[in-house]
Amino acid sequence: MKAINSIDLNADLGEFRNEGEFSNEVELLQLISSCNIACGGHVGDKLSVSRIIEHAKKLNVAIGMHPSYPDKLGFGRRPMVISDNKLIKSLHQQINDFMEVASQHSVAVGHIKMHGQLYNDASKSKKLCEMILKVIKECDLTLKIVGQFNSVLEEVCNEHNQPFIAEAFIDRRYNSDLSLVQRSKINAMIDSVNEQVLQAKQIVINRSIIVDDHPITIRAETLCVHGDHPGALASLRLIRSAIEAEGIEIKYYA
């Protein structure tokens with residue numbers, strides 16, 4: 001198996017609700033190579049997008065959008081009953097608003113990653129995946145889609161020759177089918193920084209994830225840590241150091 005020479009580190013940003021959280025996100029930007037910025041579905045607006053893009057541009061961090069179900073009350077993390085037309089309209093709005101701000105900053109947008117429940121649903125539903133690809137095409141965008149390894153989304157992207165970037169999570173636990181443990185479960189998140197570091201190294205170096213003490217093969221071009229997770233900053237510092245100590249470069253997958 002070919003050795004990994006580099007890996008992308010990403011974080012979901014633009015989710016701040018006060019200046020303290022915004023400062024934390026700016027610090028996170030100094031440790032990652034790409035970011036996914038909330039664009040109004042679960043949180044955020046044009047101003048929050050602009051503030052993160054401004055700092056990402058200064059730090060040479062690659063920029064992507066992070067659309068969601070239009071569910072601010074549930075932060076986009078709960079199942080949602082919504083018509084196809086309403087979802088398509090919302091995705092168009094989120095994408096167009098984001099691209100308007102990106103254009104104002106003269107920055108390139110390289111990828112798109114769904115948020116929360118929309119991410120999970122797109123991993124399983126071919127119909128939803130087809131809808132997402134249709135919206136991207138209608139917006140006349142050339143984007144890489146970031147999603148779950150070995151998912152329906154990856155299959156659909158391959159069918160349509162749509163560039164797909166496999167992602168793995170540093171701070172989430174997995175089921176044996178490589179789906180994420182539901183956030184409603186008590187063990188869904190990995191809170192221990194040491195465990196997060198071990199999981200990151202397991203994914204990057206051994207190309208696997210440990211589930212019930214058994215290794216399961218996983219491929220990842222990018223690793224995600226949730227910016228709103230307690231201790232995310234400390235985790236990223238240690239994870240980055242641990243990966244670089246193995247001779248692996250942190251850089252965007254473009």
# chains A, B, ... in the order shown; residues from 1 in each chain; ligands from 1

call {"tool": "select_by_dssp", "arguments": {"residues": "stretch 50-95 of chain A", "states": "strand (DSSP E or B)", "output": "number ranges by chain"}}
result
A: 62-66

call {"tool": "write_last_selection", "arguments": {"atoms": "N, CA and C atoms", "output": "PDB file, in the first residue's frame"}}
result
ATOM      1  N   ALA A  62      -7.468  26.995   2.683  1.00  0.00           N
ATOM      2  CA  ALA A  62      -8.430  26.751   1.601  1.00  0.00           C
ATOM      3  C   ALA A  62      -9.857  26.873   2.120  1.00  0.00           C
ATOM      4  N   ILE A  63     -10.721  27.391   1.266  1.00  0.00           N
ATOM      5  CA  ILE A  63     -12.079  27.744   1.672  1.00  0.00           C
ATOM      6  C   ILE A  63     -13.112  26.873   0.987  1.00  0.00           C
ATOM      7  N   GLY A  64     -14.072  26.392   1.784  1.00  0.00           N
ATOM      8  CA  GLY A  64     -15.205  25.638   1.253  1.00  0.00           C
ATOM      9  C   GLY A  64     -16.475  26.043   1.967  1.00  0.00           C
ATOM     10  N   MET A  65     -17.612  25.674   1.386  1.00  0.00           N
ATOM     11  CA  MET A  65     -18.895  26.028   1.998  1.00  0.00           C
ATOM     12  C   MET A  65     -19.479  24.824   2.717  1.00  0.00           C
ATOM     13  N   HIS A  66     -20.338  25.114   3.700  1.00  0.00           N
ATOM     14  CA  HIS A  66     -20.852  24.089   4.614  1.00  0.00           C
ATOM     15  C   HIS A  66     -22.369  24.253   4.767  1.00  0.00           C
TER      16      HIS A  66
END

call {"tool": "select_by_dssp", "arguments": {"residues": "stretch 57-145 of chain A", "states": "alpha helix (DSSP H)", "output": "PDB file with N, CA and C atoms, in the first residue's frame"}}
result
ATOM      1  N   LYS A  57      -8.193  33.776   4.274  1.00  0.00           N
ATOM      2  CA  LYS A  57      -7.397  34.289   3.153  1.00  0.00           C
ATOM      3  C   LYS A  57      -6.026  34.742   3.634  1.00  0.00           C
ATOM      4  N   LYS A  58      -5.973  35.449   4.761  1.00  0.00           N
ATOM      5  CA  LYS A  58      -4.699  35.922   5.304  1.00  0.00           C
ATOM      6  C   LYS A  58      -3.781  34.757   5.664  1.00  0.00           C
ATOM      7  N   ASP A  84     -38.642  18.449  -1.539  1.00  0.00           N
ATOM      8  CA  ASP A  84     -37.481  18.587  -2.418  1.00  0.00           C
ATOM      9  C   ASP A  84     -37.319  20.040  -2.874  1.00  0.00           C
ATOM     10  N   ASN A  85     -38.428  20.671  -3.231  1.00  0.00           N
ATOM     11  CA  ASN A  85     -38.364  22.045  -3.733  1.00  0.00           C
ATOM     12  C   ASN A  85     -37.840  23.012  -2.679  1.00  0.00           C
ATOM     13  N   LYS A  86     -38.296  22.840  -1.433  1.00  0.00           N
ATOM     14  CA  LYS A  86     -37.833  23.730  -0.364  1.00  0.00           C
ATOM     15  C   LYS A  86     -36.350  23.518  -0.072  1.00  0.00           C
ATOM     16  N   LEU A  87     -35.910  22.276  -0.113  1.00  0.00           N
ATOM     17  CA  LEU A  87     -34.491  22.001   0.144  1.00  0.00           C
ATOM     18  C   LEU A  87     -33.636  22.552  -0.984  1.00  0.00           C
ATOM     19  N   ILE A  88     -34.056  22.335  -2.221  1.00  0.00           N
ATOM     20  CA  ILE A  88     -33.316  22.856  -3.369  1.00  0.00           C
ATOM     21  C   ILE A  88     -33.225  24.375  -3.293  1.00  0.00           C
ATOM     22  N   LYS A  89     -34.340  25.021  -2.967  1.00  0.00           N
ATOM     23  CA  LYS A  89     -34.348  26.485  -2.848  1.00  0.00           C
ATOM     24  C   LYS A  89     -33.394  26.954  -1.760  1.00  0.00           C
ATOM     25  N   SER A  90     -33.391  26.255  -0.623  1.00  0.00           N
ATOM     26  CA  SER A  90     -32.504  26.621   0.482  1.00  0.00           C
ATOM     27  C   SER A  90     -31.040  26.433   0.106  1.00  0.00           C
ATOM     28  N   LEU A  91     -30.711  25.325  -0.539  1.00  0.00           N
ATOM     29  CA  LEU A  91     -29.320  25.083  -0.938  1.00  0.00           C
ATOM     30  C   LEU A  91     -28.846  26.127  -1.941  1.00  0.00           C
ATOM     31  N   HIS A  92     -29.702  26.465  -2.886  1.00  0.00           N
ATOM     32  CA  HIS A  92     -29.356  27.529  -3.838  1.00  0.00           C
ATOM     33  C   HIS A  92     -29.068  28.833  -3.098  1.00  0.00           C
ATOM     34  N   GLN A  93     -29.919  29.167  -2.136  1.00  0.00           N
ATOM     35  CA  GLN A  93     -29.752  30.413  -1.396  1.00  0.00           C
ATOM     36  C   GLN A  93     -28.450  30.418  -0.610  1.00  0.00           C
ATOM     37  N   GLN A  94     -28.178  29.315   0.099  1.00  0.00           N
ATOM     38  CA  GLN A  94     -26.956  29.231   0.897  1.00  0.00           C
ATOM     39  C   GLN A  94     -25.712  29.328   0.013  1.00  0.00           C
ATOM     40  N   ILE A  95     -25.725  28.600  -1.088  1.00  0.00           N
ATOM     41  CA  ILE A  95     -24.570  28.600  -1.987  1.00  0.00           C
ATOM     42  C   ILE A  95     -24.379  29.966  -2.640  1.00  0.00           C
ATOM     43  N   ASN A  96     -25.461  30.547  -3.124  1.00  0.00           N
ATOM     44  CA  ASN A  96     -25.356  31.847  -3.801  1.00  0.00           C
ATOM     45  C   ASN A  96     -24.886  32.940  -2.843  1.00  0.00           C
ATOM     46  N   ASP A  97     -25.409  32.931  -1.619  1.00  0.00           N
ATOM     47  CA  ASP A  97     -24.968  33.920  -0.624  1.00  0.00           C
ATOM     48  C   ASP A  97     -23.489  33.761  -0.333  1.00  0.00           C
ATOM     49  N   PHE A  98     -23.057  32.513  -0.187  1.00  0.00           N
ATOM     50  CA  PHE A  98     -21.645  32.241   0.106  1.00  0.00           C
ATOM     51  C   PHE A  98     -20.759  32.716  -1.038  1.00  0.00           C
ATOM     52  N   MET A  99     -21.138  32.371  -2.259  1.00  0.00           N
ATOM     53  CA  MET A  99     -20.319  32.731  -3.416  1.00  0.00           C
ATOM     54  C   MET A  99     -20.265  34.246  -3.617  1.00  0.00           C
ATOM     55  N   GLU A 100     -21.335  34.936  -3.257  1.00  0.00           N
ATOM     56  CA  GLU A 100     -21.339  36.396  -3.347  1.00  0.00           C
ATOM     57  C   GLU A 100     -20.276  36.992  -2.424  1.00  0.00           C
ATOM     58  N   VAL A 101     -20.213  36.473  -1.197  1.00  0.00           N
ATOM     59  CA  VAL A 101     -19.224  36.968  -0.238  1.00  0.00           C
ATOM     60  C   VAL A 101     -17.810  36.588  -0.673  1.00  0.00           C
ATOM     61  N   ALA A 102     -17.643  35.341  -1.143  1.00  0.00           N
ATOM     62  CA  ALA A 102     -16.323  34.901  -1.607  1.00  0.00           C
ATOM     63  C   ALA A 102     -15.830  35.775  -2.755  1.00  0.00           C
ATOM     64  N   SER A 103     -16.740  36.148  -3.643  1.00  0.00           N
ATOM     65  CA  SER A 103     -16.383  37.012  -4.766  1.00  0.00           C
ATOM     66  C   SER A 103     -15.930  38.381  -4.282  1.00  0.00           C
ATOM     67  N   GLN A 104     -16.581  38.897  -3.258  1.00  0.00           N
ATOM     68  CA  GLN A 104     -16.203  40.198  -2.696  1.00  0.00           C
ATOM     69  C   GLN A 104     -14.792  40.171  -2.137  1.00  0.00           C
ATOM     70  N   GLY A 116     -23.977  18.235   9.306  1.00  0.00           N
ATOM     71  CA  GLY A 116     -24.884  17.555  10.215  1.00  0.00           C
ATOM     72  C   GLY A 116     -25.741  16.465   9.597  1.00  0.00           C
ATOM     73  N   GLN A 117     -27.047  16.595   9.804  1.00  0.00           N
ATOM     74  CA  GLN A 117     -27.965  15.562   9.333  1.00  0.00           C
ATOM     75  C   GLN A 117     -27.985  15.459   7.813  1.00  0.00           C
ATOM     76  N   LEU A 118     -27.766  16.579   7.141  1.00  0.00           N
ATOM     77  CA  LEU A 118     -27.709  16.556   5.685  1.00  0.00           C
ATOM     78  C   LEU A 118     -26.511  15.731   5.217  1.00  0.00           C
ATOM     79  N   TYR A 119     -25.395  15.837   5.921  1.00  0.00           N
ATOM     80  CA  TYR A 119     -24.194  15.030   5.645  1.00  0.00           C
ATOM     81  C   TYR A 119     -24.516  13.550   5.822  1.00  0.00           C
ATOM     82  N   ASN A 120     -25.163  13.221   6.942  1.00  0.00           N
ATOM     83  CA  ASN A 120     -25.493  11.829   7.222  1.00  0.00           C
ATOM     84  C   ASN A 120     -26.477  11.268   6.198  1.00  0.00           C
ATOM     85  N   ASP A 121     -27.499  12.054   5.870  1.00  0.00           N
ATOM     86  CA  ASP A 121     -28.509  11.588   4.919  1.00  0.00           C
ATOM     87  C   ASP A 121     -27.925  11.402   3.524  1.00  0.00           C
ATOM     88  N   ALA A 122     -27.024  12.302   3.144  1.00  0.00           N
ATOM     89  CA  ALA A 122     -26.396  12.200   1.823  1.00  0.00           C
ATOM     90  C   ALA A 122     -25.481  10.986   1.730  1.00  0.00           C
ATOM     91  N   LYS A 126     -29.387   7.980  -2.397  1.00  0.00           N
ATOM     92  CA  LYS A 126     -28.980   8.299  -3.757  1.00  0.00           C
ATOM     93  C   LYS A 126     -29.791   9.466  -4.301  1.00  0.00           C
ATOM     94  N   LYS A 127     -31.064   9.510  -3.991  1.00  0.00           N
ATOM     95  CA  LYS A 127     -31.929  10.591  -4.458  1.00  0.00           C
ATOM     96  C   LYS A 127     -31.416  11.942  -3.961  1.00  0.00           C
ATOM     97  N   LEU A 128     -31.050  12.003  -2.693  1.00  0.00           N
ATOM     98  CA  LEU A 128     -30.542  13.248  -2.125  1.00  0.00           C
ATOM     99  C   LEU A 128     -29.207  13.627  -2.767  1.00  0.00           C
ATOM    100  N   CYS A 129     -28.351  12.644  -2.976  1.00  0.00           N
ATOM    101  CA  CYS A 129     -27.059  12.916  -3.624  1.00  0.00           C
ATOM    102  C   CYS A 129     -27.245  13.486  -5.019  1.00  0.00           C
ATOM    103  N   GLU A 130     -28.151  12.900  -5.778  1.00  0.00           N
ATOM    104  CA  GLU A 130     -28.432  13.387  -7.127  1.00  0.00           C
ATOM    105  C   GLU A 130     -28.925  14.831  -7.074  1.00  0.00           C
ATOM    106  N   MET A 131     -29.732  15.139  -6.072  1.00  0.00           N
ATOM    107  CA  MET A 131     -30.264  16.489  -5.908  1.00  0.00           C
ATOM    108  C   MET A 131     -29.138  17.480  -5.616  1.00  0.00           C
ATOM    109  N   ILE A 132     -28.226  17.102  -4.740  1.00  0.00           N
ATOM    110  CA  ILE A 132     -27.113  17.975  -4.376  1.00  0.00           C
ATOM    111  C   ILE A 132     -26.234  18.254  -5.587  1.00  0.00           C
ATOM    112  N   LEU A 133     -25.917  17.206  -6.351  1.00  0.00           N
ATOM    113  CA  LEU A 133     -25.091  17.391  -7.548  1.00  0.00           C
ATOM    114  C   LEU A 133     -25.806  18.274  -8.576  1.00  0.00           C
ATOM    115  N   LYS A 134     -27.122  18.142  -8.666  1.00  0.00           N
ATOM    116  CA  LYS A 134     -27.907  18.949  -9.594  1.00  0.00           C
ATOM    117  C   LYS A 134     -27.838  20.427  -9.203  1.00  0.00           C
ATOM    118  N   VAL A 135     -27.941  20.711  -7.903  1.00  0.00           N
ATOM    119  CA  VAL A 135     -27.861  22.096  -7.427  1.00  0.00           C
ATOM    120  C   VAL A 135     -26.493  22.694  -7.738  1.00  0.00           C
ATOM    121  N   ILE A 136     -25.435  21.936  -7.497  1.00  0.00           N
ATOM    122  CA  ILE A 136     -24.080  22.418  -7.783  1.00  0.00           C
ATOM    123  C   ILE A 136     -23.930  22.743  -9.267  1.00  0.00           C
ATOM    124  N   LYS A 137     -24.460  21.867 -10.106  1.00  0.00           N
ATOM    125  CA  LYS A 137     -24.392  22.086 -11.548  1.00  0.00           C
ATOM    126  C   LYS A 137     -25.198  23.324 -11.947  1.00  0.00           C
ATOM    127  N   GLU A 138     -26.379  23.485 -11.360  1.00  0.00           N
ATOM    128  CA  GLU A 138     -27.221  24.635 -11.675  1.00  0.00           C
ATOM    129  C   GLU A 138     -26.566  25.948 -11.252  1.00  0.00           C
TER     130      GLU A 138
END

call {"tool": "closest_atom_pairs", "arguments": {"of": "stretch 203-252 of chain A", "to": "stretch 142-153 of chain A", "cutoff": "9 Å", "atoms": "only C-alpha atoms", "output": "CSV"}}
result
residue,atom,partner,partner_atom,distance
A:Ile218,CA,A:Phe149,CA,6.8
A:Arg219,CA,A:Phe149,CA,6.3
A:Ala220,CA,A:Phe149,CA,7.1
A:Thr222,CA,A:Val146,CA,8.5

call {"tool": "closest_residue", "arguments": {"among": "A:Asn158, A:Ser208, A:Asn24, A:Ser33", "to": "A:Lys251", "atoms": "only C-alpha atoms"}}
result
A:Ser33

call {"tool": "atom_distance", "arguments": {"atom1": "atom CA of A:Leu9", "atom2": "atom CA of A:Ala245"}}
result
15.0 Å

call {"tool": "closest_residue", "arguments": {"among": "A:Phe169, A:His229, A:Leu31, A:Lys185", "to": "A:Phe16", "atoms": "only C-alpha atoms"}}
result
A:His229

call {"tool": "atom_distance", "arguments": {"atom1": "atom CA of A:Leu141", "atom2": "atom CA of A:Val109"}}
result
9.1 Å

call {"tool": "closest_residue", "arguments": {"among": "A:Asp213, A:Glu54, A:Glu244, A:Asp12", "to": "A:Asn36", "atoms": "only C-alpha atoms"}}
result
A:Asp12

call {"tool": "residues_around", "arguments": {"residues": "A:Glu25", "least_positions_apart": "2", "cutoff": "12 Å", "atoms": "only C-alpha atoms", "output": "count of residues only"}}
result
38

call {"tool": "atom_distance", "arguments": {"atom1": "atom CA of A:Thr217", "atom2": "atom CA of A:Ala234"}}
result
27.2 Å

call {"tool": "closest_residue", "arguments": {"among": "A:Cys139, A:Ile243, A:Val197, A:Val49", "to": "A:His105", "atoms": "only C-alpha atoms"}}
result
A:Val49

call {"tool": "closest_residue", "arguments": {"among": "A:Glu154, A:Asp177, A:Arg207, A:Ala242", "to": "A:Val193", "atoms": "only C-alpha atoms"}}
result
A:Ala242

call {"tool": "residues_around", "arguments": {"residues": "stretch 75-79 of chain A", "least_positions_apart": "4", "cutoff": "7 Å", "atoms": "only C-alpha atoms", "output": "list in words"}}
result
His42, Val43, Ser68, Tyr69, Pro70, Asp71, His115, Gly116 and Gln117 of chain A

call {"tool": "write_last_selection", "arguments": {"atoms": "all heavy atoms", "output": "PDB file, in the first residue's frame"}}
result
ATOM      1  N   HIS A  42     -27.832  26.208   9.105  1.00  0.00           N
ATOM      2  CA  HIS A  42     -27.925  25.860  10.530  1.00  0.00           C
ATOM      3  C   HIS A  42     -27.466  27.005  11.424  1.00  0.00           C
ATOM      4  O   HIS A  42     -27.838  27.082  12.586  1.00  0.00           O
ATOM      5  CB  HIS A  42     -27.118  24.595  10.829  1.00  0.00           C
ATOM      6  CG  HIS A  42     -25.644  24.699  10.600  1.00  0.00           C
ATOM      7  ND1 HIS A  42     -25.084  24.867   9.354  1.00  0.00           N
ATOM      8  CD2 HIS A  42     -24.592  24.642  11.465  1.00  0.00           C
ATOM      9  CE1 HIS A  42     -23.763  24.888   9.457  1.00  0.00           C
ATOM     10  NE2 HIS A  42     -23.441  24.772  10.728  1.00  0.00           N
ATOM     11  N   VAL A  43     -26.639  27.879  10.867  1.00  0.00           N
ATOM     12  CA  VAL A  43     -26.158  29.048  11.601  1.00  0.00           C
ATOM     13  C   VAL A  43     -25.429  29.930  10.588  1.00  0.00           C
ATOM     14  O   VAL A  43     -25.050  29.482   9.510  1.00  0.00           O
ATOM     15  CB  VAL A  43     -25.197  28.626  12.753  1.00  0.00           C
ATOM     16  CG1 VAL A  43     -23.865  28.115  12.211  1.00  0.00           C
ATOM     17  CG2 VAL A  43     -24.979  29.752  13.757  1.00  0.00           C
ATOM     18  N   SER A  68     -26.496  23.302   4.956  1.00  0.00           N
ATOM     19  CA  SER A  68     -27.218  22.444   5.881  1.00  0.00           C
ATOM     20  C   SER A  68     -28.701  22.438   5.531  1.00  0.00           C
ATOM     21  O   SER A  68     -29.171  23.240   4.722  1.00  0.00           O
ATOM     22  CB  SER A  68     -27.030  22.985   7.298  1.00  0.00           C
ATOM     23  OG  SER A  68     -27.934  22.408   8.214  1.00  0.00           O
ATOM     24  N   TYR A  69     -29.418  21.539   6.170  1.00  0.00           N
ATOM     25  CA  TYR A  69     -30.864  21.699   6.165  1.00  0.00           C
ATOM     26  C   TYR A  69     -31.177  23.068   6.772  1.00  0.00           C
ATOM     27  O   TYR A  69     -30.453  23.522   7.682  1.00  0.00           O
ATOM     28  CB  TYR A  69     -31.530  20.625   7.028  1.00  0.00           C
ATOM     29  CG  TYR A  69     -31.637  19.264   6.382  1.00  0.00           C
ATOM     30  CD1 TYR A  69     -31.103  18.136   7.008  1.00  0.00           C
ATOM     31  CD2 TYR A  69     -32.289  19.095   5.171  1.00  0.00           C
ATOM     32  CE1 TYR A  69     -31.209  16.872   6.438  1.00  0.00           C
ATOM     33  CE2 TYR A  69     -32.405  17.839   4.579  1.00  0.00           C
ATOM     34  CZ  TYR A  69     -31.860  16.737   5.223  1.00  0.00           C
ATOM     35  OH  TYR A  69     -31.962  15.486   4.652  1.00  0.00           O
ATOM     36  N   PRO A  70     -32.222  23.744   6.335  1.00  0.00           N
ATOM     37  CA  PRO A  70     -32.583  25.037   6.933  1.00  0.00           C
ATOM     38  C   PRO A  70     -33.216  24.817   8.296  1.00  0.00           C
ATOM     39  O   PRO A  70     -34.437  24.795   8.455  1.00  0.00           O
ATOM     40  CB  PRO A  70     -33.578  25.623   5.919  1.00  0.00           C
ATOM     41  CG  PRO A  70     -34.185  24.423   5.258  1.00  0.00           C
ATOM     42  CD  PRO A  70     -33.092  23.390   5.200  1.00  0.00           C
ATOM     43  N   ASP A  71     -32.368  24.640   9.306  1.00  0.00           N
ATOM     44  CA  ASP A  71     -32.821  24.241  10.641  1.00  0.00           C
ATOM     45  C   ASP A  71     -31.934  24.880  11.710  1.00  0.00           C
ATOM     46  O   ASP A  71     -31.100  24.216  12.317  1.00  0.00           O
ATOM     47  CB  ASP A  71     -32.794  22.713  10.758  1.00  0.00           C
ATOM     48  CG  ASP A  71     -33.189  22.221  12.145  1.00  0.00           C
ATOM     49  OD1 ASP A  71     -33.950  22.927  12.834  1.00  0.00           O
ATOM     50  OD2 ASP A  71     -32.730  21.125  12.530  1.00  0.00           O
ATOM     51  N   HIS A 115     -23.507  19.680   6.060  1.00  0.00           N
ATOM     52  CA  HIS A 115     -23.408  19.745   7.520  1.00  0.00           C
ATOM     53  C   HIS A 115     -24.399  18.797   8.186  1.00  0.00           C
ATOM     54  O   HIS A 115     -25.524  18.616   7.724  1.00  0.00           O
ATOM     55  CB  HIS A 115     -23.689  21.175   7.998  1.00  0.00           C
ATOM     56  CG  HIS A 115     -23.960  21.270   9.474  1.00  0.00           C
ATOM     57  ND1 HIS A 115     -22.953  21.280  10.413  1.00  0.00           N
ATOM     58  CD2 HIS A 115     -25.124  21.335  10.171  1.00  0.00           C
ATOM     59  CE1 HIS A 115     -23.483  21.365  11.625  1.00  0.00           C
ATOM     60  NE2 HIS A 115     -24.793  21.389  11.505  1.00  0.00           N
ATOM     61  N   GLY A 116     -23.977  18.235   9.306  1.00  0.00           N
ATOM     62  CA  GLY A 116     -24.884  17.555  10.215  1.00  0.00           C
ATOM     63  C   GLY A 116     -25.741  16.465   9.597  1.00  0.00           C
ATOM     64  O   GLY A 116     -25.249  15.532   8.960  1.00  0.00           O
ATOM     65  N   GLN A 117     -27.047  16.595   9.804  1.00  0.00           N
ATOM     66  CA  GLN A 117     -27.965  15.562   9.333  1.00  0.00           C
ATOM     67  C   GLN A 117     -27.985  15.459   7.813  1.00  0.00           C
ATOM     68  O   GLN A 117     -28.167  14.381   7.255  1.00  0.00           O
ATOM     69  CB  GLN A 117     -29.379  15.841   9.855  1.00  0.00           C
ATOM     70  CG  GLN A 117     -30.353  14.690   9.645  1.00  0.00           C
ATOM     71  CD  GLN A 117     -29.920  13.421  10.377  1.00  0.00           C
ATOM     72  OE1 GLN A 117     -29.461  13.474  11.515  1.00  0.00           O
ATOM     73  NE2 GLN A 117     -30.052  12.277   9.718  1.00  0.00           N
TER      74      GLN A 117
END

call {"tool": "closest_residue", "arguments": {"among": "A:Asn60, A:Ile203, A:Lys124, A:Asn194", "to": "A:Ala108", "atoms": "only C-alpha atoms"}}
result
A:Asn60
